[in-house]
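Structure record follows, encoded as structure tokens.
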Amino acid sequence: MKKDLLVEHWMNTTPLFISPSISIESAAIMFSNHAITEIPVVFEGCIQGVVSIYELFKSLKTGNVDKSVATIMHHHYATAFADSFMHDIHQVPVYVVERSTGKLVGELTTKELILFQHYLTHTLKQINEVVKWYELIFDTAYEGLTVVDDQGVIQLFNQAYSRYVGVAKEAAIGKKADEVIENTRLPVVLKTGIPERSQPHRLQGQNLVVHRIPIWKDNRIIGAAGILVYEGVSEIYRVIQKMEQLDKNSKVDRPLISSDNTEMGTVKFEDILGESRSLSQAKKIARKAAASSAPVLLTGESGVGKEQFAKAIHDASTVQSGSFISMNCAAIPDGLMESELFGYEKGAFTGADREGKPGKFELAHQGTIFLDEIGDMPFNMQAKILRVLQDKKIERVGGKKSTFVQFRLITATNKNLQQMVRDGEFREDLYYRLYVIPIHIPPLRERMGDLPILIAHKLQQLAKHYNETEKTIDQQVLQWMKQHHWPGNVRELMNVIERLFVLTDGDHITFEHLPDSMKESFFLVKNKSKTRSHIHQKKELIEEAAKQEQEAIEQTLKQVQGNKTKAAKLLGVSRSTLYNKLARYKKL
């Protein structure tokens, strides 16, 4: 129990009091000298009663000044004990007495109550600051965190969890956990009281590792916490690798577990780094798309990671055991497009391989074909692509035999296909064949909150690639990166990080290591921001000056009862100037 909340901590330990035998006149002098409205009457340390200023004035008016105060004191007064709580005090003055003897040991007046209120205000402010920090930490955590009460109703729900389940934090709070979180076992933990640590959990088509922890108080369960610890097995493997690398550095001889997805040739959705709402939404749709065989159309600017999404969809689909065949339609000359897609028979044209060559569609049989930059597909080829999608048959260039092909189709573009259809540059029938599950991948500038995750991951990769110690990055560099427009998106960011990593001699990348062109752009943006701020301040000053001038004119007109000639003279302006100002302020 905090002593700061007890009466003894705040009471005045030297209260004024008078004896029962003192005269009313002497009491009046005491009231006047100390500017008080009430005083206790004490005999042998104990309160006998209280004299108020009302009874005192009443006696002075009747002239009974020689009588003792015992004749006018009353017995209605508030008392408390030293170990009472301040929040139980609802009026003043309050006389603090000993619990056993009843002796007066202190008092609480308005002064003490105000001091206590100031203390409470200051304490509440400190508590609010701590709560804000807790809320910030709770929401900033990469792990999904949620807390439910003993009825399974969500009380806390952070942004990371919100992104995982696709439900806004505000919408989740107040609902039952099983209404928001797929396959949740938090109700089970509430019932059993047994924690479930490091358990596999399937959420939104993704494998996660979770903790479910009961919250106990006074020997009963008052709630439970759910924590999404790892996003899939790849992240677990990465942690194991790092731990075993520590053992290796410490001369502990243990075999490393290989989990590098590049070596494994697979891409999982957890390898697509970022926790922003827009990217999480794209991954959520992609996971659902992977479970079907429907065509997927990935849209987004160059460098956002469309091929990584395509590979992740393939590796999570039912055709993951088949090949993933990728082709960039913008990189293939028109004359070679058909032979690349459909293949060719031996001797089909001059320079052709003697044995012939299978095309992309054949290679993708029982797998996935990814046609990147589909918007650059020649118009005459679009009809042939449409026919393959309809008939599931291809015929090699120079061949006469049709071959059945079964594949998963994923396409991508950075162009507006709908506008191309309207402009007659893209076949409408093919567009609707492709536009079954559209997934828009957001540009980097719309998910700047993902920058730290992307940078940290790339720095770790580079340290491993170049066999160097990991390098850190200065906060000022991160600030510049948050102001940069990133027209090349994640690809541009990765290139910049690698350039900085290679060109920095030490272990810490600072603003000075940025190329001059980047520094110039940083200061240009900064100066533009300052200029906008100065213009805004100047505008506010002008508006304030105009407001004060208008008020001065109105007051002057009232003073001269509306006489504009007198008002102009008092204001020190010509009458025509006054009329112009009145017209501006619409006061004519």
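Ordered as shown in the structure tokens, chains take letters A, B, and onward, while each chain numbers its residues from 1 and ligands are numbered from 1 in the order shown.
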Query raised in the report: segment 45-53 of chain A: which residues within 12 Å, counting only C-alpha atoms, same-chain residues fewer than 3 positions away excluded, as a ChimeraX atom specification?
Result: /A:15-24,27-32,35-42,56-60,68-79,93-107
Report task. Identify, on the basis of only C-alpha atoms, every residue whose closest approach to Asp315 of chain A does not exceed 9 Å; exclude the query and any residue fewer than 4 positions from it along the same chain; express the result as a list of chain:residue names. Result ->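 The neighbour list is A:Thr266, A:Val267, A:Lys268, A:Ala290, A:Ala310, A:Lys311, A:Val319, A:Gln320, A:Ser321, A:Phe324.
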Output file for the selection above: N, CA, C and O atoms, as a compact mmCIF listing (two decimals), in the first residue's frame:
```
# COMPACT_ATOMS: atom_id res chain seq x y z
N THR A 266 13.08 -22.58 -53.26
CA THR A 266 11.69 -22.27 -52.94
C THR A 266 11.59 -20.86 -52.37
O THR A 266 12.53 -20.33 -51.80
N VAL A 267 10.42 -20.28 -52.52
CA VAL A 267 10.12 -18.98 -51.92
C VAL A 267 8.83 -19.13 -51.13
O VAL A 267 7.81 -19.58 -51.68
N LYS A 268 8.88 -18.82 -49.86
CA LYS A 268 7.68 -18.88 -49.02
C LYS A 268 7.17 -17.46 -48.80
O LYS A 268 7.90 -16.49 -48.95
N ALA A 290 -3.07 -19.32 -54.03
CA ALA A 290 -2.19 -20.48 -54.18
C ALA A 290 -2.95 -21.78 -53.98
O ALA A 290 -2.59 -22.81 -54.57
N ALA A 310 5.01 -14.43 -57.48
CA ALA A 310 4.64 -15.54 -58.37
C ALA A 310 5.27 -16.84 -57.91
O ALA A 310 4.62 -17.90 -57.89
N LYS A 311 6.54 -16.77 -57.53
CA LYS A 311 7.25 -17.98 -57.08
C LYS A 311 6.65 -18.50 -55.77
O LYS A 311 6.50 -19.71 -55.57
N VAL A 319 0.77 -27.57 -57.53
CA VAL A 319 1.71 -27.95 -58.60
C VAL A 319 3.14 -27.59 -58.21
O VAL A 319 4.01 -27.44 -59.06
N GLN A 320 3.39 -27.46 -56.91
CA GLN A 320 4.72 -27.05 -56.45
C GLN A 320 5.81 -28.03 -56.85
O GLN A 320 6.98 -27.66 -56.97
N SER A 321 5.44 -29.29 -57.06
CA SER A 321 6.45 -30.28 -57.46
C SER A 321 6.84 -30.13 -58.92
O SER A 321 7.85 -30.67 -59.37
N PHE A 324 8.71 -24.24 -62.31
CA PHE A 324 8.28 -22.84 -62.36
C PHE A 324 9.04 -22.20 -63.52
O PHE A 324 10.24 -22.00 -63.46
```
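Take the candidates A:Leu279, A:Met494, A:Leu570, A:Ile553 and check each one against Leu582 of chain A using only C-alpha atoms; the shortest distance goes to A:Ile553.
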Query raised in the report: Just asking: which residues within segment 104-220 of chain A are strand (DSSP E or B) according to DSSP, as a ChimeraX atom specification?
Result: /A:104-108,144-149,153-157,176,196-203,206-217,220
**Report entry** alpha helix (DSSP H) positions in segment 18-54 of chain A, given as a list of chain:residue names
**Finding:**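 Selection result, alpha helix (DSSP H) within segment 18-54 of chain A: A:Ile24, A:Glu25, A:Ser26, A:Ala27, A:Ala28, A:Ile29, A:Met30, A:Phe31, A:Ser32, A:Asn33, A:His34, A:Ile53, A:Tyr54.
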Query raised in the report: Any idea what's packed within 7 Å of segment 384-398 of chain A, counting only C-alpha atoms, ignoring anything in its chain fewer than 4 positions away? Could you give it as a VMD selection string?
Result: chain A and resid 339 342 to 345 348 402 to 406 430
Query raised in the report: Suppose you want the space between atom CA of Asn158 of chain A and atom CA of Lys175 of chain A; what is it in Å?
Result: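 Those two atoms sit 14.3 Å apart.
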Report task. Give me the residues within 8 Å of Glu196 of chain A as a PyMOL selection string, counting only C-alpha atoms and dropping any in the same chain fewer than 2 places off. Result -> chain A and resi 189+194+198-199+211-213
Take the residues that were just selected and, keeping N, CA and C atoms, output them as a compact mmCIF listing (two decimals), in the first residue's frame.
```
# COMPACT_ATOMS: atom_id res chain seq x y z
N VAL A 189 -7.15 -22.60 -23.55
CA VAL A 189 -6.19 -22.22 -22.52
C VAL A 189 -6.90 -21.56 -21.34
N ILE A 194 -3.56 -24.23 -18.78
CA ILE A 194 -2.26 -24.81 -19.15
C ILE A 194 -1.69 -24.03 -20.33
N SER A 198 5.17 -22.47 -28.09
CA SER A 198 5.80 -22.89 -29.36
C SER A 198 4.97 -23.93 -30.08
N GLN A 199 3.68 -23.63 -30.27
CA GLN A 199 2.77 -24.56 -30.93
C GLN A 199 2.56 -24.16 -32.39
N HIS A 211 2.61 -18.81 -29.09
CA HIS A 211 2.50 -19.08 -27.65
C HIS A 211 1.07 -18.72 -27.24
N ARG A 212 0.50 -19.53 -26.32
CA ARG A 212 -0.79 -19.19 -25.71
C ARG A 212 -0.59 -19.30 -24.21
N ILE A 213 -0.71 -18.17 -23.52
CA ILE A 213 -0.32 -18.12 -22.11
C ILE A 213 -1.50 -17.66 -21.24
```
Skipping near chain neighbours, those fewer than 2 positions away, what residues fall within 7 Å of segment 361-371 of chain A using only C-alpha atoms, listed as a short mmCIF file (atom, residue, chain, number, x, y, z; two decimals) with all heavy atoms, in the first residue's frame?
```cif
data_model
loop_
_atom_site.label_atom_id
_atom_site.label_comp_id
_atom_site.auth_asym_id
_atom_site.auth_seq_id
_atom_site.Cartn_x
_atom_site.Cartn_y
_atom_site.Cartn_z
N ALA A 310 5.01 -14.43 -57.48
CA ALA A 310 4.64 -15.54 -58.37
C ALA A 310 5.27 -16.84 -57.91
O ALA A 310 4.62 -17.90 -57.89
CB ALA A 310 5.08 -15.20 -59.80
N HIS A 314 3.45 -20.30 -56.55
CA HIS A 314 3.76 -21.63 -57.11
C HIS A 314 4.19 -22.60 -56.02
O HIS A 314 3.70 -23.75 -55.96
CB HIS A 314 4.87 -21.51 -58.16
CG HIS A 314 5.46 -22.83 -58.56
ND1 HIS A 314 4.82 -23.71 -59.40
CD2 HIS A 314 6.64 -23.43 -58.20
CE1 HIS A 314 5.56 -24.80 -59.55
NE2 HIS A 314 6.68 -24.66 -58.83
N VAL A 319 0.77 -27.57 -57.53
CA VAL A 319 1.71 -27.95 -58.60
C VAL A 319 3.14 -27.59 -58.21
O VAL A 319 4.01 -27.44 -59.06
CB VAL A 319 1.34 -27.27 -59.94
CG1 VAL A 319 0.00 -27.77 -60.43
CG2 VAL A 319 1.33 -25.75 -59.81
N GLN A 320 3.39 -27.46 -56.91
CA GLN A 320 4.72 -27.05 -56.45
C GLN A 320 5.81 -28.03 -56.85
O GLN A 320 6.98 -27.66 -56.97
CB GLN A 320 4.72 -26.86 -54.94
CG GLN A 320 4.32 -28.09 -54.15
CD GLN A 320 4.30 -27.84 -52.66
OE1 GLN A 320 5.34 -27.76 -52.04
NE2 GLN A 320 3.11 -27.69 -52.09
N GLY A 322 6.01 -29.40 -59.69
CA GLY A 322 6.33 -29.15 -61.10
C GLY A 322 7.29 -27.97 -61.25
O GLY A 322 7.71 -27.34 -60.27
N SER A 323 7.62 -27.66 -62.49
CA SER A 323 8.58 -26.58 -62.77
C SER A 323 7.91 -25.21 -62.69
O SER A 323 6.71 -25.06 -62.96
CB SER A 323 9.18 -26.76 -64.17
OG SER A 323 9.86 -27.99 -64.27
N PHE A 324 8.71 -24.24 -62.31
CA PHE A 324 8.28 -22.84 -62.36
C PHE A 324 9.04 -22.20 -63.52
O PHE A 324 10.24 -22.00 -63.46
CB PHE A 324 8.61 -22.12 -61.05
CG PHE A 324 8.27 -20.65 -61.05
CD1 PHE A 324 6.98 -20.22 -60.82
CD2 PHE A 324 9.26 -19.69 -61.28
CE1 PHE A 324 6.66 -18.86 -60.83
CE2 PHE A 324 8.96 -18.33 -61.28
CZ PHE A 324 7.66 -17.92 -61.06
N ILE A 325 8.31 -21.90 -64.60
CA ILE A 325 8.92 -21.36 -65.82
C ILE A 325 8.56 -19.89 -65.95
O ILE A 325 7.38 -19.53 -66.00
CB ILE A 325 8.45 -22.14 -67.07
CG1 ILE A 325 8.72 -23.64 -66.89
CG2 ILE A 325 9.12 -21.59 -68.32
CD1 ILE A 325 10.18 -23.99 -66.71
N SER A 326 9.58 -19.06 -65.99
CA SER A 326 9.37 -17.61 -66.03
C SER A 326 9.85 -17.05 -67.36
O SER A 326 10.90 -17.45 -67.89
CB SER A 326 10.13 -16.95 -64.87
OG SER A 326 10.05 -15.55 -64.95
N MET A 327 9.08 -16.10 -67.89
CA MET A 327 9.49 -15.43 -69.11
C MET A 327 9.07 -13.96 -69.07
O MET A 327 7.92 -13.65 -68.75
CB MET A 327 8.87 -16.08 -70.36
CG MET A 327 9.48 -15.55 -71.66
SD MET A 327 8.73 -16.25 -73.14
CE MET A 327 7.43 -15.07 -73.46
N ASN A 328 10.02 -13.08 -69.38
CA ASN A 328 9.74 -11.65 -69.43
C ASN A 328 9.36 -11.28 -70.86
O ASN A 328 10.20 -11.29 -71.76
CB ASN A 328 10.97 -10.84 -68.98
CG ASN A 328 10.65 -9.37 -68.82
OD1 ASN A 328 9.84 -8.80 -69.54
ND2 ASN A 328 11.31 -8.74 -67.85
N CYS A 329 8.09 -10.97 -71.06
CA CYS A 329 7.60 -10.70 -72.42
C CYS A 329 8.24 -9.46 -73.04
O CYS A 329 8.32 -9.34 -74.26
CB CYS A 329 6.08 -10.52 -72.39
SG CYS A 329 5.19 -11.97 -71.78
N LEU A 341 7.73 -19.39 -76.67
CA LEU A 341 6.56 -19.88 -75.93
C LEU A 341 6.14 -21.28 -76.37
O LEU A 341 5.79 -22.12 -75.53
CB LEU A 341 5.40 -18.91 -76.12
CG LEU A 341 5.45 -17.61 -75.33
CD1 LEU A 341 4.36 -16.65 -75.79
CD2 LEU A 341 5.31 -17.87 -73.84
N PHE A 342 6.15 -21.54 -77.67
CA PHE A 342 5.61 -22.79 -78.19
C PHE A 342 6.70 -23.80 -78.55
O PHE A 342 6.39 -24.97 -78.77
CB PHE A 342 4.74 -22.52 -79.42
CG PHE A 342 3.54 -21.68 -79.09
CD1 PHE A 342 3.56 -20.31 -79.26
CD2 PHE A 342 2.38 -22.27 -78.60
CE1 PHE A 342 2.44 -19.53 -78.96
CE2 PHE A 342 1.27 -21.51 -78.30
CZ PHE A 342 1.29 -20.13 -78.47
N PRO A 358 11.78 -27.49 -76.85
CA PRO A 358 10.45 -27.29 -76.24
C PRO A 358 10.26 -25.82 -75.85
O PRO A 358 11.21 -25.13 -75.49
CB PRO A 358 10.47 -28.19 -75.02
CG PRO A 358 11.92 -28.30 -74.65
CD PRO A 358 12.68 -28.24 -75.96
N GLY A 359 9.03 -25.34 -75.90
CA GLY A 359 8.73 -23.98 -75.50
C GLY A 359 8.39 -23.88 -74.02
O GLY A 359 8.36 -24.88 -73.29
N GLU A 373 5.48 -8.93 -67.40
CA GLU A 373 5.27 -7.82 -68.36
C GLU A 373 4.36 -8.27 -69.50
O GLU A 373 4.64 -8.06 -70.69
CB GLU A 373 6.61 -7.31 -68.90
CG GLU A 373 7.62 -6.93 -67.84
CD GLU A 373 7.14 -5.81 -66.91
OE1 GLU A 373 6.09 -5.18 -67.19
OE2 GLU A 373 7.79 -5.57 -65.88
N ILE A 374 3.22 -8.88 -69.15
CA ILE A 374 2.28 -9.38 -70.15
C ILE A 374 1.71 -8.24 -71.00
O ILE A 374 1.27 -8.45 -72.14
CB ILE A 374 1.13 -10.16 -69.46
CG1 ILE A 374 0.25 -10.90 -70.47
CG2 ILE A 374 0.29 -9.23 -68.59
CD1 ILE A 374 0.93 -12.04 -71.15
N VAL A 405 -1.09 -29.65 -72.73
CA VAL A 405 -0.32 -29.06 -71.62
C VAL A 405 -1.28 -28.65 -70.51
O VAL A 405 -2.37 -28.16 -70.75
CB VAL A 405 0.51 -27.83 -72.07
CG1 VAL A 405 1.70 -28.26 -72.91
CG2 VAL A 405 -0.35 -26.83 -72.83
N GLN A 406 -0.85 -28.90 -69.30
CA GLN A 406 -1.63 -28.51 -68.11
C GLN A 406 -0.70 -27.71 -67.21
O GLN A 406 0.34 -28.20 -66.79
CB GLN A 406 -2.12 -29.77 -67.37
CG GLN A 406 -3.01 -29.46 -66.18
CD GLN A 406 -4.37 -28.93 -66.60
OE1 GLN A 406 -4.97 -29.43 -67.55
NE2 GLN A 406 -4.85 -27.92 -65.92
N PHE A 407 -1.07 -26.46 -66.94
CA PHE A 407 -0.16 -25.60 -66.16
C PHE A 407 -0.95 -24.58 -65.36
O PHE A 407 -2.12 -24.31 -65.63
CB PHE A 407 0.82 -24.88 -67.09
CG PHE A 407 0.15 -24.11 -68.21
CD1 PHE A 407 -0.41 -22.86 -68.00
CD2 PHE A 407 0.06 -24.69 -69.47
CE1 PHE A 407 -1.04 -22.19 -69.03
CE2 PHE A 407 -0.58 -24.02 -70.51
CZ PHE A 407 -1.13 -22.76 -70.28
N ARG A 408 -0.29 -24.05 -64.37
CA ARG A 408 -0.82 -22.92 -63.59
C ARG A 408 -0.32 -21.63 -64.24
O ARG A 408 0.87 -21.49 -64.52
CB ARG A 408 -0.32 -23.01 -62.14
CG ARG A 408 -0.67 -21.79 -61.26
CD ARG A 408 -2.15 -21.79 -60.99
NE ARG A 408 -2.60 -20.65 -60.22
CZ ARG A 408 -2.65 -20.63 -58.88
NH1 ARG A 408 -2.21 -21.65 -58.17
NH2 ARG A 408 -3.15 -19.58 -58.27
N LEU A 409 -1.22 -20.68 -64.51
CA LEU A 409 -0.84 -19.44 -65.17
C LEU A 409 -0.80 -18.28 -64.19
O LEU A 409 -1.76 -18.01 -63.48
CB LEU A 409 -1.81 -19.10 -66.31
CG LEU A 409 -1.56 -17.76 -67.02
CD1 LEU A 409 -0.24 -17.80 -67.77
CD2 LEU A 409 -2.72 -17.41 -67.94
N ILE A 410 0.35 -17.60 -64.14
CA ILE A 410 0.49 -16.35 -63.37
C ILE A 410 1.06 -15.32 -64.32
O ILE A 410 2.07 -15.57 -64.99
CB ILE A 410 1.41 -16.53 -62.15
CG1 ILE A 410 0.91 -17.66 -61.25
CG2 ILE A 410 1.51 -15.23 -61.37
CD1 ILE A 410 1.83 -17.97 -60.08
N THR A 411 0.42 -14.17 -64.39
CA THR A 411 0.92 -13.08 -65.24
C THR A 411 1.17 -11.86 -64.37
O THR A 411 0.66 -11.75 -63.25
CB THR A 411 -0.08 -12.73 -66.36
OG1 THR A 411 -1.35 -12.45 -65.77
CG2 THR A 411 -0.21 -13.88 -67.34
N ALA A 412 1.96 -10.95 -64.92
CA ALA A 412 2.27 -9.72 -64.17
C ALA A 412 2.46 -8.57 -65.15
O ALA A 412 2.87 -8.76 -66.30
CB ALA A 412 3.54 -9.91 -63.34
#
```
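Atom CA of Tyr134 of chain A sits 22.5 Å away from atom CA of Tyr119 of chain A.
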**Report entry** Coordinates-based distance that separates atom CA of Arg422 of chain A from atom CA of Asp376 of chain A (Å, one decimal)
**Finding:**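 It comes out at 15.6 Å.
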